[in-house]
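Chemist: This is coords_4.txt, which holds compact mmCIF, C-alpha atoms:
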# COMPACT_ATOMS: atom_id res chain seq x y z
CA MET W 10 -22.16 16.67 -14.44
CA ILE W 11 -20.10 13.98 -16.21
CA GLU W 12 -17.95 16.70 -17.67
CA TRP W 13 -17.31 18.29 -14.27
CA LEU W 14 -16.57 14.88 -12.75
CA SER W 15 -14.04 13.91 -15.38
CA THR W 16 -12.32 17.30 -15.76
CA TYR W 17 -9.01 17.82 -14.02
CA ASN W 18 -9.61 19.87 -10.88
CA ALA W 19 -6.57 21.86 -9.77
CA LEU W 20 -7.94 22.40 -6.26
CA ILE W 21 -7.87 18.71 -5.32
CA GLY W 22 -5.20 17.78 -7.83
CA MET W 23 -7.32 15.16 -9.58
CA PRO W 24 -10.60 14.84 -11.45
CA PRO W 25 -13.44 14.54 -8.91
CA VAL W 26 -14.38 11.13 -10.27
CA SER W 27 -10.96 9.89 -9.17
CA VAL W 28 -11.91 10.53 -5.56
CA ILE W 29 -14.65 7.93 -5.99
CA THR W 30 -12.46 5.42 -7.80
CA SER W 31 -9.59 5.86 -5.32
CA ILE W 32 -11.82 5.26 -2.31
CA PHE W 33 -13.50 2.31 -4.01
CA GLY W 34 -10.19 0.76 -5.08
CA ALA W 35 -8.77 1.13 -1.59
CA PHE W 36 -11.94 -0.38 -0.14
CA CYS W 37 -11.92 -3.42 -2.47
CA ALA W 38 -8.29 -4.35 -1.88
CA THR W 39 -8.47 -3.82 1.88
CA PHE W 40 -11.72 -5.71 2.42
CA ALA W 41 -10.65 -8.73 0.36
CA ILE W 42 -7.24 -8.90 2.03
CA ILE W 43 -8.59 -8.52 5.58
CA ILE W 44 -11.16 -11.26 4.99
CA CYS W 45 -9.07 -13.70 2.93
CA TRP W 46 -5.44 -13.44 4.04
CA PRO W 47 -5.76 -14.63 7.67
CA LYS W 48 -8.15 -17.44 6.62
CA LEU W 49 -5.80 -18.62 3.86
CA VAL W 50 -2.89 -18.65 6.32
CA ARG W 51 -5.00 -20.61 8.82
CA ASP W 52 -5.99 -23.16 6.14
CA PHE W 53 -2.67 -23.58 4.33
CA GLY W 54 0.00 -22.28 6.73
CA PRO W 55 2.83 -20.20 5.25
CA ILE W 56 1.95 -21.51 1.77
CA GLY W 57 -1.37 -19.70 2.20
CA GLY W 58 0.54 -16.47 2.78
CA PHE W 59 2.48 -16.92 -0.45
CA MET W 60 -0.77 -17.72 -2.25
CA SER W 61 -2.35 -14.57 -0.84
CA ALA W 62 0.60 -12.46 -1.90
CA ALA W 63 0.33 -13.78 -5.43
CA ILE W 64 -3.39 -13.85 -6.01
CA LEU W 65 -4.63 -11.08 -3.71
CA VAL W 66 -1.87 -8.47 -3.85
CA GLY W 67 -1.05 -9.30 -7.46
CA THR W 68 -4.62 -9.02 -8.66
CA PHE W 69 -5.44 -5.93 -6.64
CA TRP W 70 -2.22 -4.32 -7.78
CA LEU W 71 -3.59 -4.73 -11.29
CA LEU W 72 -6.92 -3.21 -10.29
CA ASN W 73 -5.44 -0.29 -8.38
CA HIS W 74 -2.05 0.51 -9.82
CA LYS W 75 -1.69 -0.53 -13.43
CA LEU W 76 -0.38 2.35 -15.48
CA PRO W 77 -1.04 3.28 -19.07
CA GLY W 78 1.75 2.21 -21.35
CA TRP W 79 4.96 0.84 -19.98
CA GLY W 80 6.93 2.19 -17.09
CA ILE W 81 6.43 4.83 -14.44
CA HIS W 82 6.85 8.28 -15.84
CA PRO W 83 6.80 11.15 -13.38
CA ASP W 84 4.90 13.41 -15.76
CA GLY W 85 2.31 10.81 -16.68
CA ILE W 86 2.02 9.07 -20.02
CA PRO W 87 0.83 11.41 -22.77
CA HIS W 88 -2.17 9.95 -24.57
CA PRO W 89 -2.42 10.14 -28.38
CA GLU W 90 -5.66 12.13 -28.05
CA GLY W 91 -4.02 14.58 -25.65
CA GLY W 92 -3.67 14.71 -21.89
CA SER W 93 -2.53 11.99 -19.54
CA LYS W 94 -4.76 9.00 -18.94
CA GLN W 95 -5.05 6.94 -15.81
CA PHE W 96 -6.34 3.38 -15.78
CA GLY W 97 -5.69 2.19 -12.22
CA LEU W 98 -8.39 2.88 -9.64
CA ILE W 99 -6.08 4.66 -7.17
CA TYR W 100 -5.26 7.95 -8.81
CA GLN W 101 -1.68 9.14 -8.83
CA ALA W 102 -2.45 12.80 -8.26
CA PHE W 103 -1.14 15.86 -10.03
CA ARG W 104 -1.24 14.06 -13.38
CA GLY W 105 0.89 11.21 -12.10
CA SER W 106 3.83 13.36 -11.02
CA CYS W 107 3.16 13.07 -7.28
CA PRO W 108 5.11 10.65 -5.07
CA TRP W 109 3.76 7.12 -5.40
CA VAL W 110 0.70 6.48 -3.23
CA ASP W 111 0.48 2.75 -2.62
CA MET W 112 -2.55 0.67 -1.71
CA GLY W 113 -0.45 -0.61 1.19
CA LEU W 114 -1.51 2.54 3.02
CA ALA W 115 -5.17 1.54 2.71
CA ILE W 116 -4.44 -2.05 3.73
CA ALA W 117 -2.44 -0.97 6.78
CA CYS W 118 -5.20 1.45 7.86
CA GLY W 119 -7.82 -1.25 7.34
CA PHE W 120 -5.97 -3.84 9.43
CA TRP W 121 -5.34 -1.26 12.15
CA VAL W 122 -8.99 -0.18 12.34
CA ASN W 123 -10.14 -3.80 12.18
CA SER W 124 -7.92 -4.85 15.09
CA LEU W 125 -8.94 -1.73 17.00
CA LEU W 126 -12.61 -2.67 16.66
CA HIS W 127 -11.85 -6.29 17.58
CA SER W 128 -10.08 -5.35 20.82
CA PRO W 129 -12.50 -5.23 23.76
CA ARG W 130 -13.88 -1.91 24.95
CA GLY W 131 -11.86 -0.33 27.73
CA THR W 132 -8.53 -1.62 26.42
CA ARG W 133 -8.66 0.40 23.22
CA ARG W 134 -7.04 3.57 24.49
CA ALA W 135 -4.14 1.64 26.01
CA ASN W 136 -3.81 -0.39 22.81
CA VAL W 137 -3.59 2.73 20.65
CA LYS W 138 -0.96 4.18 22.97
CA GLU W 139 1.01 0.93 22.86
CA CYS W 140 1.04 0.70 19.05
CA LEU W 141 2.12 4.30 18.33
CA PRO W 142 5.89 3.77 18.78
CA ARG W 143 5.75 0.62 16.64
CA ALA W 144 3.84 2.47 13.91
CA ALA W 145 6.30 5.38 14.04
CA VAL W 146 9.28 3.04 13.77
CA ALA W 147 7.65 1.17 10.88
CA LEU W 148 7.00 4.47 9.09
CA LEU W 149 10.57 5.61 9.70
CA GLY W 150 11.93 2.30 8.45
CA GLY W 151 9.82 2.56 5.32
CA ILE W 152 11.00 6.12 4.66
CA VAL W 153 14.65 5.13 5.09
CA GLY W 154 14.29 2.05 2.89
CA GLY W 155 12.38 3.84 0.15
CA ALA W 156 14.71 6.84 0.13
CA LEU W 157 17.77 4.61 -0.10
CA ALA W 158 16.17 2.64 -2.93
CA GLY W 159 15.40 5.94 -4.68
CA LEU W 160 19.02 7.04 -4.45
CA VAL W 161 19.98 4.75 -7.34
CA GLY W 162 18.86 7.57 -9.65
CA PHE W 163 21.85 9.64 -8.50
CA THR W 164 24.61 7.17 -9.18
CA GLY W 165 25.04 8.54 -12.69
CA ALA W 166 26.29 5.17 -13.95
CA ASN W 167 25.69 4.71 -17.67
CA LEU W 168 25.79 0.98 -18.07
CA PHE W 169 24.36 0.75 -21.57
CA MET G 10 15.19 0.69 21.67
CA LYS G 11 16.38 -2.85 20.98
CA LYS G 12 12.78 -3.99 20.90
CA GLN G 13 12.05 -1.70 17.94
CA LEU G 14 15.15 -2.65 15.96
CA SER G 15 13.52 -5.62 14.22
CA THR G 16 10.54 -3.49 13.19
CA PHE G 17 12.85 -0.86 11.74
CA VAL G 18 14.97 -3.32 9.78
CA GLY G 19 11.99 -5.27 8.46
CA SER G 20 10.24 -2.07 7.38
CA ALA G 21 13.31 -0.73 5.60
CA ILE G 22 13.85 -3.99 3.74
CA VAL G 23 10.25 -4.35 2.59
CA GLY G 24 10.11 -0.71 1.46
CA ALA G 25 13.35 -0.89 -0.48
CA LEU G 26 12.45 -4.23 -2.05
CA ALA G 27 8.97 -3.19 -3.18
CA PHE G 28 10.10 0.02 -4.85
CA GLY G 29 13.51 -1.14 -5.95
CA ILE G 30 12.12 -3.92 -8.11
CA TRP G 31 8.40 -3.32 -8.73
CA PRO G 32 8.73 -0.48 -11.28
CA GLU G 33 11.56 -2.30 -13.05
CA MET G 34 9.58 -5.52 -13.28
CA TRP G 35 6.60 -3.56 -14.58
CA LYS G 36 8.76 -1.89 -17.19
CA SER G 37 10.30 -5.20 -18.27
CA TYR G 38 7.37 -7.59 -18.15
CA GLY G 39 4.27 -5.38 -18.11
CA ILE G 40 1.28 -6.66 -16.19
CA MET G 41 2.71 -10.15 -15.58
CA GLY G 42 5.71 -8.42 -14.02
CA GLY G 43 3.36 -6.94 -11.44
CA PHE G 44 1.96 -10.36 -10.59
CA LEU G 45 5.46 -11.83 -10.44
CA THR G 46 6.67 -9.05 -8.12
CA ALA G 47 3.70 -9.50 -5.83
CA THR G 48 4.69 -13.16 -5.54
CA VAL G 49 8.45 -12.80 -5.16
CA ALA G 50 8.55 -9.57 -3.13
CA ILE G 51 5.40 -9.47 -1.01
CA GLY G 52 5.36 -13.24 -0.42
CA PRO G 53 8.79 -13.66 1.20
CA MET G 54 8.51 -10.28 2.90
CA TRP G 55 5.19 -11.29 4.43
CA TYR G 56 6.83 -14.53 5.59
CA MET G 57 9.65 -12.59 7.23
CA ASN G 58 7.67 -9.69 8.61
CA HIS G 59 4.44 -11.28 9.72
CA TYR G 60 4.86 -15.06 9.80
CA LEU G 61 8.20 -14.94 11.59
CA GLY G 62 7.26 -11.66 13.31
CA ILE G 63 10.06 -9.28 12.35
CA ILE G 64 7.55 -6.39 12.42
CA ARG G 65 6.53 -6.75 16.06
CA ASN G 66 2.87 -7.46 16.64
CA PRO G 67 2.49 -8.95 20.16
CA ALA G 68 -0.75 -10.87 20.74
CA GLY G 69 -3.71 -8.71 21.67
CA THR G 70 -2.29 -5.47 20.29
CA LEU G 71 -3.25 -3.42 17.25
CA TRP G 72 -1.92 -4.76 13.98
CA ILE G 73 0.85 -2.84 12.23
CA ASP G 74 0.82 -4.17 8.68
CA GLN G 75 3.79 -4.11 6.33
CA GLY G 76 1.60 -2.02 4.02
CA LEU G 77 2.45 0.97 6.23
CA PRO G 78 6.22 0.91 5.55
CA ILE G 79 5.49 0.13 1.89
CA ALA G 80 3.29 3.23 1.59
CA ALA G 81 5.88 5.38 3.39
CA ALA G 82 8.59 3.96 1.15
CA GLY G 83 6.55 4.71 -1.97
CA MET G 84 6.35 8.39 -1.09
CA ALA G 85 9.99 8.65 0.01
CA TRP G 86 11.11 6.75 -3.09
CA GLY G 87 9.14 9.06 -5.39
CA VAL G 88 10.47 12.21 -3.73
CA VAL G 89 14.09 11.05 -3.91
CA ARG G 90 13.97 9.30 -7.27
CA PHE G 91 12.32 12.15 -9.18
CA TYR G 92 13.92 15.01 -7.24
CA PRO G 93 13.26 17.93 -7.71
CA ASN G 94 10.07 17.39 -9.76
CA CYS G 95 8.19 15.43 -7.13
CA HIS G 96 6.46 17.12 -4.19
CA LEU G 97 5.04 15.34 -1.18
CA VAL G 98 2.07 17.70 -0.90
CA HIS G 99 0.71 16.51 -4.25
CA ALA G 100 0.29 13.00 -2.86
CA LEU G 101 -1.88 14.08 0.07
CA PRO G 102 -5.33 14.01 -1.64
CA THR G 103 -4.83 10.47 -2.94
CA ALA G 104 -3.36 9.37 0.37
CA LEU G 105 -6.42 10.77 2.14
CA CYS G 106 -8.70 8.84 -0.24
CA CYS G 107 -6.71 5.66 0.46
CA ILE G 108 -6.97 6.17 4.22
CA VAL G 109 -10.73 6.77 4.00
CA GLY G 110 -11.28 3.71 1.82
CA GLY G 111 -9.06 1.56 4.01
CA CYS G 112 -10.67 2.58 7.28
CA LEU G 113 -14.11 2.04 5.76
CA ALA G 114 -13.09 -1.45 4.65
CA GLY G 115 -11.69 -2.25 8.10
CA TRP G 116 -14.96 -1.23 9.70
CA VAL G 117 -17.13 -3.12 7.21
CA ALA G 118 -14.92 -6.21 7.51
CA HIS G 119 -15.35 -6.04 11.29
CA LEU G 120 -19.14 -5.95 10.94
CA VAL G 121 -19.10 -8.80 8.41
CA LEU G 122 -16.79 -10.98 10.52
CA GLN G 123 -18.90 -10.34 13.62
CA GLN G 124 -22.02 -11.46 11.78
CA MET G 125 -20.24 -14.53 10.38
CA GLU G 126 -19.07 -15.48 13.86
CA LYS G 127 -22.60 -15.14 15.17
CA GLU G 128 -23.85 -17.50 12.48
CA GLY G 129 -21.01 -19.94 13.15
CA GLN G 130 -19.50 -19.74 9.69
CA PRO G 131 -15.78 -20.53 9.21
Re-express the file's structure as structure tokens.
Modeler:
Amino acid sequence: MIEWLSTYNALIGMPPVSVITSIFGAFCATFAIIICWPKLVRDFGPIGGFMSAAILVGTFWLLNHKLPGWGIHPDGIPHPEGGSKQFGLIYQAFRGSCPWVDMGLAIACGFWVNSLLHSPRGTRRANVKECLPRAAVALLGGIVGGALAGLVGFTGANLF
Amino acid sequence: MKKQLSTFVGSAIVGALAFGIWPEMWKSYGIMGGFLTATVAIGPMWYMNHYLGIIRNPAGTLWIDQGLPIAAAGMAWGVVRFYPNCHLVHALPTALCCIVGGCLAGWVAHLVLQQMEKEGQP
């Protein structure tokens, strides 16, 4: 059982145990941020937001995204004992060579579901319809920003 | 159209900032670099996007968090930066796990907050 759980499974692109750790990591970060961030902002104003960014996002980044060794390597970091090892809870699938999956996705989904459940019954359908264009534009903006930031790899400038 | 412009610009900036500097900071300063980036990137970007309201979230509507553009930017950044070795389809299982975990947390947080409100806790 342990062996099956921790063996790389080509069908889902990750060891089955990583499904559990990914879901748990996403849950931890999202729950803590939904509960704490608005309360910290209410108590401390904008300073509370900066505090949240540092202590909540920073700490949960460590839990979810820290990588073995130094630096992001698209093929994963080879371990001395063979294979690539993953230490963050959210698995970067396909042995780390997949596009980066950020815990921001979990946090955004959590806030969205939370506000959906908080809105009174009867207004939910209209609310979902209202938020779709905003979500699409936010997604599009993120794609444009990320792609432009990724383009630095193609400049070919050898500075050092 | 004009109404969505601020959302678009804010999303693009937060996505580019997170993935332009986070990996470099990690490479330079290790784990403390991650903490530092969370403070200097997510902090000001939260102030701009959510405290000042550049990502539009009118009162009483569903919350679009800046995590959404950051996640989209992470995938786009990976695909472009490591082209042609990086395929979007490989990210789907992990993304699905993240969505499941996030939605679960949103639901549980709703239940917890409801109960806290009932008991009159802060």
Chemist: Give the answer as one residue: which of W:Ala62, W:Ala115, W:Leu72, W:Val110 has the shortest atom-to-atom distance to Ala100 of chain G, using all atoms listed in the file?
Modeler: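 Checking each candidate against Ala100 of chain G, we get W:Val110 as the closest.
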Chemist: Would you work out the distance separating atom CA of Pro55 of chain W from atom CA of Ile22 of chain G, expressed in Å to one decimal?
Modeler: 19.7 Å
Chemist: Counting all atoms listed in the file, what is within 8 Å of Ala158 of chain W, bar same-chain residues fewer than 3 positions away, as a list in words?
Modeler: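 Residues meeting the cut-off are Gly154, Gly155 and Val161 of chain W; Ala25, Leu26, Phe28, Gly29 and Trp86 of chain G.
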Chemist: Deliver the residues from the most recent selection as a file, using C-alpha atoms, as a PDB file, in the coordinates of the input.
Modeler:
ATOM      1  CA  GLY W 154      14.290   2.050   2.890  1.00  0.00           C
ATOM      2  CA  GLY W 155      12.380   3.840   0.150  1.00  0.00           C
ATOM      3  CA  VAL W 161      19.980   4.750  -7.340  1.00  0.00           C
TER       4      VAL W 161
ATOM      5  CA  ALA G  25      13.350  -0.890  -0.480  1.00  0.00           C
ATOM      6  CA  LEU G  26      12.450  -4.230  -2.050  1.00  0.00           C
ATOM      7  CA  PHE G  28      10.100   0.020  -4.850  1.00  0.00           C
ATOM      8  CA  GLY G  29      13.510  -1.140  -5.950  1.00  0.00           C
ATOM      9  CA  TRP G  86      11.110   6.750  -3.090  1.00  0.00           C
TER      10      TRP G  86
END
Chemist: Name all residues at most 12 Å from Glu139 of chain W (count all atoms listed in the file; drop same-chain ones fewer than 6 positions away) and give them as a PyMOL selection string.
Modeler: (chain W and resi 125+132-133+145) or (chain G and resi 65-67+69-73)
Chemist: Hey, can you check how far atom CA of Ile42 of chain W sits from atom CA of Gly58 of chain W?
Modeler: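 Separating atom CA of Ile42 of chain W from atom CA of Gly58 of chain W is a distance of 10.9 Å.
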Chemist: So what do you get for atom CA of His99 of chain G versus atom CA of Ala27 of chain G, distance-wise?
Modeler: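 That distance, rounded to one decimal, is 21.4 Å.
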Chemist: With all atoms listed in the file as the basis for distance, which of W:Ser31, W:Gln101, W:Asn123, W:Ser15 is at the shortest distance from Ile108 of chain G?
Modeler: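 Checking each of W:Ser31, W:Gln101, W:Asn123, W:Ser15 against Ile108 of chain G, counting all atoms listed in the file, the winner is W:Ser31.
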Chemist: Under the rule that only C-alpha atoms are counted, which of W:Phe120, W:Gly159, W:Phe96, W:Met60 is the nearest residue to Phe40 of chain W?
Modeler: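 Closest to Phe40 of chain W of all the choices is W:Phe120.
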Chemist: Give as a ChimeraX atom specification every residue, naming chains and numbers as the document does, that has an atom within 12 Å of (13.6, 7.8, 4.6), counting all atoms listed in the file.
Modeler: /W:146-160 /G:17,20-22,24-25,78-90
Chemist: Could you tell me which of W:His74, W:Phe69, W:Gly57, W:Trp121 comes closest to Tyr56 of chain G if we count all atoms listed in the file?
Modeler: W:Gly57
Chemist: So which one's closest to chain W, G:Ile51, G:Gly62, G:Pro93, G:Gln124? Using all atoms listed in the file, please.
Modeler: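 Smallest separation from chain W among the options: G:Ile51.
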